[in-house]
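Undergrad: Below is the file work01.cif, with mmCIF, C-alpha atoms and all ligand atoms.
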```
data_my_file
loop_
_atom_site.label_atom_id
_atom_site.label_comp_id
_atom_site.auth_asym_id
_atom_site.auth_seq_id
_atom_site.Cartn_x
_atom_site.Cartn_y
_atom_site.Cartn_z
CA MET E 1 -10.37 -8.70 31.15
CA ILE E 2 -9.85 -5.28 29.71
CA ARG E 3 -7.29 -2.86 30.92
CA LEU E 4 -7.66 0.66 29.73
CA LEU E 5 -4.66 2.83 29.33
CA LEU E 6 -6.10 6.01 28.01
CA SER E 7 -3.32 8.41 27.58
CA LEU E 8 -4.69 11.78 26.80
CA THR E 9 -2.03 13.64 24.99
CA PHE E 10 -2.87 16.93 23.46
CA PHE E 11 -0.65 18.48 20.90
CA ALA E 12 -0.94 22.13 20.31
CA SER E 13 -1.52 24.13 17.26
CA LEU E 14 -0.74 21.70 14.49
CA SER E 15 -2.29 23.09 11.39
CA LEU E 16 -2.90 19.88 9.54
CA ASN E 17 -3.22 21.10 6.01
CA ALA E 18 -1.67 17.97 4.59
CA PHE E 19 -1.43 17.82 0.86
CA ALA E 20 -2.19 21.47 0.34
CA SER E 21 -1.46 21.76 -3.32
CA GLU E 22 1.86 23.29 -4.24
CA ALA E 23 1.97 25.94 -6.89
CA PRO E 24 5.31 25.14 -8.59
CA GLU E 25 5.11 22.78 -11.51
CA LYS E 26 6.96 19.72 -10.27
CA SER E 27 6.30 17.39 -13.14
CA SER E 28 9.27 18.66 -15.15
CA LEU E 29 11.87 17.93 -12.43
CA SER E 30 14.39 15.13 -12.92
CA PHE E 31 14.43 12.10 -10.63
CA ASN E 32 17.24 13.55 -8.50
CA GLN E 33 15.80 17.07 -8.43
CA LEU E 34 12.48 15.65 -7.46
CA LEU E 35 13.83 13.55 -4.60
CA ARG E 36 15.97 16.47 -3.43
CA SER E 37 13.02 18.83 -3.42
CA MET E 38 11.05 16.32 -1.39
CA SER E 39 13.91 15.96 1.10
CA ALA E 40 14.52 19.71 1.27
CA ALA E 41 10.98 20.19 2.42
CA TYR E 42 11.70 17.67 5.13
CA GLU E 43 14.83 19.33 6.45
CA ALA E 44 13.12 22.55 7.44
CA PRO E 45 10.12 21.62 9.50
CA PRO E 46 8.13 24.38 11.11
CA VAL E 47 8.37 24.25 14.87
CA PRO E 48 5.03 24.03 16.64
CA ASN E 49 4.41 26.61 19.32
CA VAL E 50 3.38 24.52 22.29
CA GLU E 51 2.43 27.63 24.25
CA GLU E 52 -0.57 28.26 22.05
CA PRO E 53 -3.97 27.08 23.21
CA VAL E 54 -4.98 23.53 22.28
CA PRO E 55 -7.25 23.60 19.25
CA ALA E 56 -10.49 21.68 19.30
CA ILE E 57 -10.05 18.36 17.53
CA GLU E 58 -11.85 18.56 14.24
CA LYS E 59 -15.40 17.30 14.35
CA ALA E 60 -14.92 14.59 11.78
CA LEU E 61 -12.17 12.94 13.78
CA GLU E 62 -13.76 13.67 17.13
CA ASN E 63 -16.72 11.59 16.05
CA ASP E 64 -14.61 8.85 14.53
CA PRO E 65 -15.99 5.60 15.96
CA ARG E 66 -12.68 3.74 15.77
CA PHE E 67 -10.02 2.93 18.33
CA TRP E 68 -6.30 2.26 18.14
CA ILE E 69 -5.81 -0.80 20.30
CA THR E 70 -3.05 -3.12 21.36
CA VAL E 71 -4.02 -6.74 21.94
CA ALA E 72 -2.10 -9.75 23.21
CA ALA E 73 -1.41 -12.23 20.39
CA ALA E 74 1.61 -14.47 20.09
CA THR E 75 0.85 -16.75 17.14
CA LYS E 76 -0.19 -16.33 13.52
CA GLU E 77 -3.43 -18.18 14.35
CA GLU E 78 -4.28 -15.64 17.06
CA ARG E 79 -3.47 -12.77 14.70
CA THR E 80 -5.64 -14.28 11.98
CA ARG E 81 -8.57 -14.54 14.40
CA LEU E 82 -8.21 -10.86 15.32
CA LEU E 83 -8.45 -9.90 11.65
CA GLU E 84 -11.66 -11.90 11.47
CA LEU E 85 -13.01 -9.98 14.46
CA GLY E 86 -12.51 -6.79 12.45
CA LEU E 87 -9.13 -5.56 13.65
CA SER E 88 -6.84 -4.22 10.96
CA ILE E 89 -3.44 -5.35 12.21
CA GLU E 90 -0.83 -2.66 11.67
CA GLU E 91 1.99 -3.53 14.05
CA VAL E 92 3.19 -6.95 15.12
CA THR E 93 5.54 -7.86 17.96
CA PRO E 94 6.25 -11.37 19.28
CA THR E 95 3.61 -10.99 21.99
CA ALA E 96 1.05 -8.48 20.75
CA VAL E 97 -0.43 -6.60 17.82
CA SER E 98 -1.73 -3.06 17.39
CA GLY E 99 -4.25 -1.76 14.93
CA ILE E 100 -7.57 -0.13 14.25
CA ILE E 101 -10.96 -1.43 15.37
CA HIS E 102 -14.48 -0.04 15.04
CA ARG E 103 -16.25 0.43 18.38
CA ASP E 104 -19.07 -1.88 17.22
CA SER E 105 -16.56 -4.72 16.98
CA LEU E 106 -15.37 -4.31 20.56
CA PRO E 107 -18.20 -6.24 22.28
CA ALA E 108 -17.11 -9.35 20.36
CA PHE E 109 -13.64 -8.87 21.84
CA GLU E 110 -15.07 -9.08 25.34
CA THR E 111 -17.14 -12.18 24.69
CA LYS E 112 -14.25 -13.93 22.95
CA SER E 113 -11.94 -13.06 25.87
CA VAL E 114 -9.47 -11.11 23.84
CA ASN E 115 -6.83 -9.52 26.04
CA VAL E 116 -6.85 -5.82 25.22
CA ILE E 117 -3.66 -4.27 26.57
CA SER E 118 -4.49 -0.68 25.70
CA ARG E 119 -6.88 1.33 23.62
CA MET E 120 -7.32 4.92 22.63
CA PRO E 121 -9.87 6.69 20.43
CA LEU E 122 -8.34 6.98 16.99
CA SER E 123 -8.90 10.72 17.08
CA GLN E 124 -6.40 11.09 19.93
CA PHE E 125 -3.98 8.51 18.61
CA ALA E 126 -4.00 10.06 15.15
CA VAL E 127 -3.16 13.49 16.50
CA SER E 128 -0.40 12.28 18.80
CA ALA E 129 1.08 9.93 16.20
CA PHE E 130 1.82 12.61 13.62
CA LYS E 131 5.53 12.47 13.07
CA ASP E 132 5.50 15.22 10.61
CA PHE E 133 4.02 18.46 9.46
CA PRO E 134 1.58 19.00 6.68
CA SER E 135 3.81 21.29 4.65
CA GLN E 136 6.32 18.47 4.44
CA ASP E 137 3.76 15.91 3.46
CA ALA E 138 2.79 18.08 0.52
CA ALA E 139 5.70 16.33 -1.21
CA TYR E 140 3.47 13.25 -1.53
CA HIS E 141 1.47 13.08 -4.73
CA ASN E 142 -2.27 13.36 -4.51
CA TYR E 143 -4.40 11.89 -7.31
CA ARG E 144 -4.21 14.93 -9.56
CA GLU E 145 -0.47 15.36 -9.06
CA MET E 146 0.07 11.68 -9.78
CA TYR E 147 -1.88 12.00 -13.01
CA ASP E 148 0.07 15.12 -14.03
CA ARG E 149 3.35 13.34 -13.50
CA LEU E 150 2.26 10.24 -15.43
CA LYS E 151 1.01 12.46 -18.24
CA ALA E 152 4.31 14.37 -18.34
CA LEU E 153 6.20 11.08 -18.56
CA GLU E 154 4.03 10.01 -21.46
CA THR E 155 4.49 13.32 -23.26
CA ALA E 156 8.26 13.27 -22.83
CA ASN E 157 8.60 9.61 -23.87
CA SER E 158 5.79 9.22 -26.34
CA ASP E 159 7.72 6.70 -28.44
CA ILE E 160 7.69 4.05 -25.69
CA VAL E 161 5.13 5.18 -23.10
CA SER E 162 1.35 5.16 -23.09
CA LEU E 163 -1.09 6.14 -20.39
CA PHE E 164 -4.51 4.55 -20.09
CA SER E 165 -7.14 3.69 -17.52
CA ILE E 166 -7.96 0.11 -16.55
CA GLY E 167 -11.39 1.14 -15.28
CA LYS E 168 -13.32 3.49 -13.07
CA THR E 169 -13.67 3.52 -9.31
CA VAL E 170 -16.84 3.72 -7.20
CA GLU E 171 -16.61 7.51 -7.40
CA ASN E 172 -15.86 7.47 -11.10
CA ARG E 173 -12.13 8.17 -10.97
CA GLU E 174 -9.91 6.52 -13.55
CA ILE E 175 -7.39 3.92 -12.41
CA TRP E 176 -4.38 5.15 -14.35
CA THR E 177 -1.80 2.79 -15.81
CA LEU E 178 1.49 3.81 -17.35
CA ARG E 179 2.81 1.32 -19.86
CA ILE E 180 6.43 1.13 -21.03
CA ASN E 181 6.91 -0.98 -24.12
CA SER E 182 8.91 -0.19 -27.27
CA SER E 183 6.49 -1.92 -29.62
CA ALA E 184 2.96 -1.81 -28.16
CA LYS E 185 0.84 0.98 -26.72
CA GLY E 186 -2.34 1.27 -24.69
CA THR E 187 -4.31 -1.96 -24.55
CA LYS E 188 -2.66 -3.51 -27.60
CA PRO E 189 -1.56 -7.05 -26.68
CA SER E 190 2.11 -7.92 -26.36
CA SER E 191 3.81 -11.28 -26.18
CA LYS E 192 6.77 -9.87 -24.26
CA PRO E 193 7.03 -10.97 -20.64
CA GLY E 194 5.15 -8.48 -18.47
CA ALA E 195 5.73 -6.91 -15.05
CA VAL E 196 3.19 -4.96 -13.00
CA PHE E 197 3.85 -2.49 -10.18
CA GLN E 198 0.81 -1.46 -8.12
CA GLY E 199 0.35 1.03 -5.30
CA ALA E 200 -2.35 2.07 -2.86
CA HIS E 201 -4.79 -0.77 -2.66
CA HIS E 202 -5.11 0.72 0.82
CA ALA E 203 -5.97 4.41 1.03
CA ARG E 204 -3.79 5.61 3.91
CA GLU E 205 -0.65 3.91 2.60
CA HIS E 206 0.53 6.95 0.66
CA LEU E 207 4.18 5.91 0.43
CA SER E 208 3.01 2.98 -1.70
CA VAL E 209 2.07 5.51 -4.40
CA GLU E 210 5.44 7.24 -4.41
CA VAL E 211 7.52 4.08 -4.86
CA PRO E 212 6.02 2.81 -8.15
CA LEU E 213 5.43 6.34 -9.47
CA LEU E 214 9.02 7.43 -8.90
CA PHE E 215 10.26 4.11 -10.25
CA ALA E 216 8.60 5.12 -13.52
CA VAL E 217 10.36 8.49 -13.37
CA TRP E 218 13.71 6.75 -12.76
CA LEU E 219 13.23 4.16 -15.51
CA LEU E 220 12.39 6.75 -18.15
CA GLU E 221 15.11 9.12 -17.11
CA ASN E 222 17.57 6.23 -17.47
CA ARG E 223 16.06 4.85 -20.64
CA ASN E 224 19.39 5.00 -22.46
CA ASN E 225 21.19 2.98 -19.82
CA ALA E 226 22.05 -0.35 -21.48
CA GLU E 227 20.13 -2.54 -19.04
CA VAL E 228 17.07 -0.29 -18.92
CA LYS E 229 17.07 -0.14 -22.69
CA LYS E 230 16.99 -3.92 -22.74
CA PHE E 231 14.01 -3.96 -20.36
CA ILE E 232 12.15 -1.43 -22.50
CA THR E 233 12.66 -3.41 -25.69
CA THR E 234 12.16 -6.92 -24.31
CA LEU E 235 9.53 -6.48 -21.57
CA ASP E 236 5.99 -5.16 -21.16
CA ILE E 237 6.03 -2.93 -18.06
CA TYR E 238 2.92 -1.56 -16.30
CA ILE E 239 2.88 0.92 -13.45
CA GLN E 240 -0.37 1.54 -11.56
CA PRO E 241 0.47 3.79 -8.62
CA MET E 242 -3.06 4.25 -7.24
CA ILE E 243 -5.48 1.32 -7.35
CA ASN E 244 -7.73 3.00 -4.77
CA PRO E 245 -7.73 6.73 -5.62
CA ASP E 246 -11.16 7.34 -4.03
CA GLY E 247 -9.89 6.19 -0.65
CA ALA E 248 -6.56 7.96 -0.99
CA GLU E 249 -8.28 11.25 -1.80
CA TYR E 250 -10.79 10.77 1.01
CA ASP E 251 -7.95 10.16 3.46
CA ILE E 252 -6.59 13.67 2.81
CA SER E 253 -9.85 15.41 1.96
CA THR E 254 -10.09 17.56 5.09
CA GLY E 255 -6.44 18.46 5.44
CA LYS E 256 -6.29 16.01 8.30
CA TYR E 257 -5.56 12.34 7.81
CA LYS E 258 -8.55 10.05 8.29
CA TRP E 259 -6.64 6.80 8.63
CA TRP E 260 -8.81 5.40 5.85
CA ARG E 261 -8.01 1.96 4.43
CA LYS E 262 -10.91 0.83 2.27
CA ASN E 263 -12.48 2.01 -0.97
CA MET E 264 -15.57 4.26 -0.94
CA SER E 265 -18.38 1.78 -1.59
CA VAL E 266 -21.52 2.58 0.34
CA ASN E 267 -22.65 -0.27 2.60
CA SER E 268 -25.82 -0.05 4.59
CA GLY E 269 -24.80 2.05 7.57
CA SER E 270 -21.10 2.21 6.80
CA GLN E 271 -18.65 2.77 4.03
CA GLY E 272 -15.89 0.91 2.27
CA VAL E 273 -14.65 -2.52 1.30
CA ASP E 274 -11.08 -3.70 1.94
CA LEU E 275 -9.89 -4.14 -1.64
CA ASN E 276 -7.12 -6.46 -0.54
CA ARG E 277 -9.71 -8.86 0.90
CA ASN E 278 -11.98 -8.68 -2.13
CA TYR E 279 -10.10 -10.88 -4.62
CA ASP E 280 -11.33 -14.38 -5.32
CA SER E 281 -8.70 -16.31 -3.39
CA TRP E 282 -10.53 -18.23 -0.63
CA TRP E 283 -12.61 -15.07 -0.42
CA CYS E 284 -13.70 -14.00 3.07
CA GLN E 285 -12.33 -16.97 4.92
CA ALA E 286 -9.32 -16.57 7.23
CA GLY E 287 -8.25 -13.05 8.16
CA ALA E 288 -11.18 -11.17 6.69
CA SER E 289 -14.32 -9.75 8.27
CA ASN E 290 -17.99 -10.00 7.30
CA SER E 291 -18.79 -6.80 9.16
CA PRO E 292 -19.27 -3.86 6.81
CA TRP E 293 -17.87 -1.39 9.33
CA ALA E 294 -14.66 -3.38 9.84
CA ASP E 295 -11.41 -2.23 8.26
CA THR E 296 -10.92 -5.78 6.94
CA TYR E 297 -14.44 -6.05 5.43
CA CYS E 298 -14.27 -8.41 2.46
CA GLY E 299 -17.32 -6.98 0.66
CA PRO E 300 -20.62 -8.68 -0.27
CA ALA E 301 -18.93 -11.00 -2.79
CA ALA E 302 -15.56 -11.66 -4.36
CA PHE E 303 -14.84 -8.94 -6.91
CA SER E 304 -17.86 -6.93 -5.76
CA GLU E 305 -15.77 -3.76 -6.18
CA PRO E 306 -15.00 -1.95 -9.44
CA GLU E 307 -11.35 -1.42 -8.43
CA SER E 308 -10.59 -5.11 -7.83
CA ARG E 309 -12.60 -6.04 -10.93
CA ALA E 310 -10.48 -3.61 -12.97
CA VAL E 311 -7.31 -5.35 -11.77
CA ARG E 312 -8.86 -8.77 -12.42
CA ASP E 313 -9.84 -7.87 -15.98
CA PHE E 314 -6.48 -6.22 -16.62
CA VAL E 315 -4.61 -9.35 -15.50
CA LYS E 316 -6.88 -11.83 -17.26
CA ALA E 317 -6.55 -9.96 -20.56
CA ARG E 318 -2.74 -10.21 -20.43
CA PRO E 319 -1.46 -13.78 -20.31
CA ASN E 320 2.05 -12.41 -20.89
CA LEU E 321 2.30 -11.07 -17.31
CA LYS E 322 5.00 -12.86 -15.31
CA THR E 323 5.79 -10.77 -12.23
CA MET E 324 4.06 -8.29 -9.97
CA ILE E 325 4.66 -6.19 -6.90
CA SER E 326 1.79 -4.77 -4.88
CA TYR E 327 3.15 -2.05 -2.60
CA HIS E 328 1.67 -1.49 0.85
CA THR E 329 2.84 0.05 4.12
CA TYR E 330 4.23 -0.73 6.57
CA GLY E 331 6.62 -3.24 8.20
CA GLU E 332 9.60 -3.53 5.80
CA LEU E 333 8.58 -6.96 4.58
CA ILE E 334 8.56 -8.76 1.26
CA LEU E 335 5.77 -11.33 1.28
CA TYR E 336 5.07 -14.22 -1.05
CA PRO E 337 2.13 -16.70 -1.24
CA TRP E 338 0.24 -18.09 0.30
CA GLY E 339 -1.27 -15.26 2.27
CA GLY E 340 -4.61 -16.98 2.74
CA LYS E 341 -3.35 -20.37 3.94
CA TYR E 342 -0.61 -21.38 6.33
CA GLU E 343 0.64 -24.03 3.89
CA ASP E 344 3.33 -23.46 1.29
CA ILE E 345 2.29 -23.25 -2.35
CA PRO E 346 2.28 -26.83 -3.66
CA ASP E 347 4.72 -26.36 -6.57
CA GLN E 348 8.17 -26.72 -5.01
CA ASN E 349 9.93 -25.20 -7.99
CA ASP E 350 7.72 -22.11 -7.92
CA LEU E 351 8.24 -21.85 -4.18
CA LYS E 352 11.97 -21.70 -4.80
CA VAL E 353 11.43 -18.99 -7.38
CA PHE E 354 9.37 -16.95 -4.93
CA LYS E 355 11.88 -17.41 -2.14
CA ASN E 356 14.94 -16.61 -4.24
CA ILE E 357 13.49 -13.51 -5.88
CA ALA E 358 12.14 -12.30 -2.53
CA GLN E 359 15.55 -12.82 -0.92
CA GLY E 360 17.25 -10.97 -3.75
CA MET E 361 14.94 -7.99 -3.30
CA ALA E 362 15.33 -8.19 0.48
CA ARG E 363 19.10 -7.87 0.15
CA LEU E 364 18.63 -4.63 -1.80
CA THR E 365 16.15 -3.04 0.58
CA GLY E 366 17.08 -4.42 3.98
CA TYR E 367 13.54 -5.73 4.27
CA THR E 368 12.64 -9.22 5.53
CA ALA E 369 11.41 -11.84 3.05
CA GLN E 370 8.86 -14.34 4.30
CA LYS E 371 5.76 -16.31 3.44
CA SER E 372 2.83 -13.94 3.78
CA SER E 373 0.82 -16.18 6.12
CA ASP E 374 3.73 -16.46 8.56
CA LEU E 375 2.59 -13.00 9.65
CA TYR E 376 -1.10 -13.93 9.68
CA ALA E 377 -3.49 -15.52 7.23
CA ALA E 378 -5.44 -13.07 5.06
CA THR E 379 -7.69 -14.38 2.32
CA GLY E 380 -8.84 -12.46 -0.74
CA ASP E 381 -5.57 -10.64 -1.41
CA SER E 382 -4.37 -9.67 -4.84
CA CYS E 383 -1.08 -11.58 -4.86
CA ASP E 384 -2.54 -14.99 -3.93
CA TRP E 385 -5.13 -14.44 -6.62
CA ALA E 386 -2.61 -13.36 -9.29
CA TYR E 387 -0.47 -16.43 -8.66
CA ALA E 388 -3.35 -18.91 -8.40
CA GLU E 389 -5.27 -17.49 -11.34
CA ALA E 390 -2.51 -16.47 -13.72
CA GLY E 391 0.72 -18.02 -12.45
CA ILE E 392 2.19 -14.57 -11.83
CA PHE E 393 5.07 -14.35 -9.38
CA ALA E 394 3.37 -11.71 -7.25
CA PHE E 395 4.90 -10.12 -4.17
CA THR E 396 3.42 -7.90 -1.48
CA PHE E 397 5.82 -5.25 -0.19
CA GLU E 398 5.25 -3.67 3.18
CA LEU E 399 7.32 -0.50 2.91
CA THR E 400 8.88 1.73 5.55
CA PRO E 401 8.72 2.20 8.48
CA LYS E 402 9.56 -1.05 10.17
CA GLY E 403 7.03 -0.39 12.92
CA GLY E 404 6.81 -1.94 16.33
CA TRP E 405 6.72 -0.04 19.57
CA GLY E 406 9.42 2.54 19.74
CA GLY E 407 10.06 2.08 16.05
CA GLY E 408 7.91 5.01 15.11
CA GLY E 409 5.66 2.89 12.96
CA THR E 410 2.89 4.82 11.33
CA PHE E 411 1.18 5.27 8.00
CA TYR E 412 2.25 8.89 8.05
CA PRO E 413 6.02 8.82 8.47
CA GLY E 414 6.52 12.13 6.68
CA ALA E 415 8.24 13.05 3.46
CA GLY E 416 11.66 12.31 4.94
CA VAL E 417 11.28 8.59 4.27
CA ILE E 418 10.50 8.98 0.58
CA GLU E 419 14.04 9.33 -0.76
CA LYS E 420 15.56 6.23 0.82
CA SER E 421 12.43 4.17 0.22
CA VAL E 422 12.38 5.11 -3.43
CA ARG E 423 16.12 4.61 -4.02
CA ASP E 424 16.17 1.19 -2.33
CA ASN E 425 13.02 0.10 -4.09
CA VAL E 426 14.24 1.22 -7.51
CA GLN E 427 16.96 -1.40 -7.03
CA ALA E 428 14.46 -4.06 -5.92
CA ALA E 429 12.16 -3.29 -8.85
CA LEU E 430 15.09 -3.57 -11.27
CA TYR E 431 15.88 -6.93 -9.68
CA LEU E 432 12.32 -8.03 -10.41
CA LEU E 433 12.64 -6.87 -14.03
CA ARG E 434 15.85 -8.87 -14.38
CA ASN E 435 13.82 -11.92 -13.40
CA THR E 436 10.74 -11.13 -15.47
CA GLY E 437 12.05 -12.52 -18.77
CA ASP E 438 12.14 -16.01 -17.30
CA PRO E 439 11.27 -16.03 -13.60
CA ARG E 440 11.69 -19.78 -13.23
CA LYS E 441 15.40 -19.45 -13.88
CA ALA E 442 15.58 -18.02 -10.37
CA ALA E 443 14.82 -21.49 -8.97
CA ALA E 444 18.39 -22.47 -9.75
CA GLU E 445 19.99 -19.68 -7.73
ZN ZN P 1 -2.02 -2.31 2.77
#
```
Using the file provided, produce a representation of the structure as structure tokens.
TA:
Amino acid sequence: MIRLLLSLTFFASLSLNAFASEAPEKSSLSFNQLLRSMSAAYEAPPVPNVEEPVPAIEKALENDPRFWITVAAATKEERTRLLELGLSIEEVTPTAVSGIIHRDSLPAFETKSVNVISRMPLSQFAVSAFKDFPSQDAAYHNYREMYDRLKALETANSDIVSLFSIGKTVENREIWTLRINSSAKGTKPSSKPGAVFQGAHHAREHLSVEVPLLFAVWLLENRNNAEVKKFITTLDIYIQPMINPDGAEYDISTGKYKWWRKNMSVNSGSQGVDLNRNYDSWWCQAGASNSPWADTYCGPAAFSEPESRAVRDFVKARPNLKTMISYHTYGELILYPWGGKYEDIPDQNDLKVFKNIAQGMARLTGYTAQKSSDLYAATGDSCDWAYAEAGIFAFTFELTPKGGWGGGGTFYPGAGVIEKSVRDNVQAALYLLRNTGDPRKAAAE
């Protein structure tokens, strides 16, 4: 039984030139100057003139075959099944979920008697859901701006920082990694306990780039602070703000967000693999889709994608890695394994470590800590794999906003959320570093 609530809302005259490149050189700004400049852009939004005629929705989006739908689902098992039917779940309430579905997946919904509460072509939802204006969103770093900032950090801190690529993407972009270590550079091995901060497995989750990138800015600006100094001399710190640069660039390539999630692999008849379903952790079982057009497509095989292979090879080559955060948006959650199974991880001591560190980071951010699969099961994700394969205490962060109906949840919350997200998450990341030397000590907390 399908009930259609097509609300046709037209917004006038929004010139969606998101990410138009800014002329001023921003890479020399301090952490505080940088955050202030990002916030300043937010405080003076241009006011749209609603009297102007409605512009034609851009062709690319007009022809977008995807829908934003809301579906009844009250349990994690029901949510997991929806992922398998190709829905990318973006918002969860106690009784329903919302997310993105390709039109070719909809017939399966009817035959499997899924209760669709509402649906709207993504083109219309995307336009009406913009909370912000493109000039403000220019504060977000695109791929080139991210590289420039990483490079500037390396140049200014060349005694302890090195910048290198862990591999190339489908479209031949480098996956840049900033390393902070007082005694080893580039790919030179280190026996110091290691921590990894990753952003943007998913293309449209742009805030997940800002948080690790600006954490690097903060760390290096505060390198003479006694505690930071200790981290720099005793740890091996890696920051990889954009695991999926092809997708992130594609998402902003027309000046209008494409709501893109996957990488840019070419499938027959469609494009993209969900990188966070492509790791070899119960690959393509619960919560992943076999359909190449689905947002949750797991790919033709585990590690079929150059981006996930680059992360795999990076991790496997560094047995010193102890902790990891993979940043995503959104939901304000801190998730720990398993994601792919409803069960707890078998090692009770490790479970305590995960719970205690997650709780500690939750206190600093106001986010909610929970087992990943309590939300829904999703196999093939990076954190399950990193823990199972390498014993790394790996956490998935779902950043701001909190989401939910009325909560303003969206992938594009505007530049106004950057400052608080970054400041809170600097504290959480420092908390992780405090536990990186010997994570298992946290079991005793
Ligand atoms: Zn994500």
Undergrad: Using only C-alpha atoms and all ligand atoms, which of the listed residues (E:Ser158, E:Ser208, E:Asn225, E:Asn425) sits closest to ligand ZN 1 (chain P)?
TA: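 Looking at the shortest contact to ligand ZN 1 (chain P), the residue is E:Ser208.
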Undergrad: Counting only C-alpha atoms and all ligand atoms, which residues of chain E sit at most 6 Å from some atom of ligand ZN 1 (chain P), and what is each one's closest atom pair with its distance in Å to one decimal, listed by chain and rising residue number, as JSON lines?
TA:
```
{"residue": "E:His202", "atom": "CA", "partner": "P:ZN1", "partner_atom": "ZN", "distance": 4.7}
{"residue": "E:His328", "atom": "CA", "partner": "P:ZN1", "partner_atom": "ZN", "distance": 4.2}
{"residue": "E:Thr329", "atom": "CA", "partner": "P:ZN1", "partner_atom": "ZN", "distance": 5.6}
```
Undergrad: Applying 6 Å and only C-alpha atoms, which residues near stretch 262-270 of chain E remain after dropping the ones on its own chain fewer than 4 positions away? List them as a PyMOL selection string.
TA: chain E and resi 202+247+274+293
Undergrad: For a test of reading the model, state the distance in Å between atom CA of E:Arg309 and atom CA of E:Gly167, rounded to one decimal.
TA: 8.5 Å
Undergrad: Please identify all polymer residues within 8 Å of E:Met361, counting all atoms listed in the file, omitting same-chain residues fewer than 3 positions from it, and present them as a ChimeraX atom specification.
TA: /E:334,357-358,364-365,427-429,431-432
Undergrad: Show me, as a PyMOL selection string, the residues that have an atom within 10 Å of stretch 96-113 of chain E when counting all atoms listed in the file, minus same-chain residues fewer than 6 positions from it.
TA: chain E and resi 1-2+64-75+78-79+82-83+85-90+119-122+259+291+293-296+404-405
Undergrad: Can you work out the spacing between atom CA of E:Leu321 and atom CA of E:Ile392 in Å, to one decimal?
TA: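 Atom-to-atom, atom CA of E:Leu321 to atom CA of E:Ile392, that is 6.5 Å.
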Undergrad: Separation of atom CA of E:Tyr143 and atom CA of E:Glu307, in Å?
TA: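 It comes out at 15.1 Å.
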Undergrad: Taking only C-alpha atoms into account, name the residue in E:Phe354, E:Phe231, E:Tyr330, E:Tyr297 that is nearest to E:Glu205.
TA: E:Tyr330
Undergrad: If I wrap all listed atoms of stretch 103-121 of chain E in a box with edges along x, y and z and add 6 Å on each side, what are its centre and edge lengths in Å to one decimal, as AutoDock Vina command-line options?
TA:
```
--center_x -11.4 --center_y -3.6 --center_z 21.8 --size_x 27.4 --size_y 32.6 --size_z 21.6
```
Undergrad: Name the residues in contact with E:Thr233 at a cut-off of 8 Å, using all atoms listed in the file, excluding same-chain residues fewer than 3 positions from it; report them as a PyMOL selection string.
TA: chain E and resi 181-183+229-230
Undergrad: Calculated over only C-alpha atoms, which of the candidates E:Glu419, E:Glu84, E:Asp438, E:Asp350 has the smallest distance to E:Phe31?
TA: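 Smallest separation from E:Phe31 among the options: E:Glu419.
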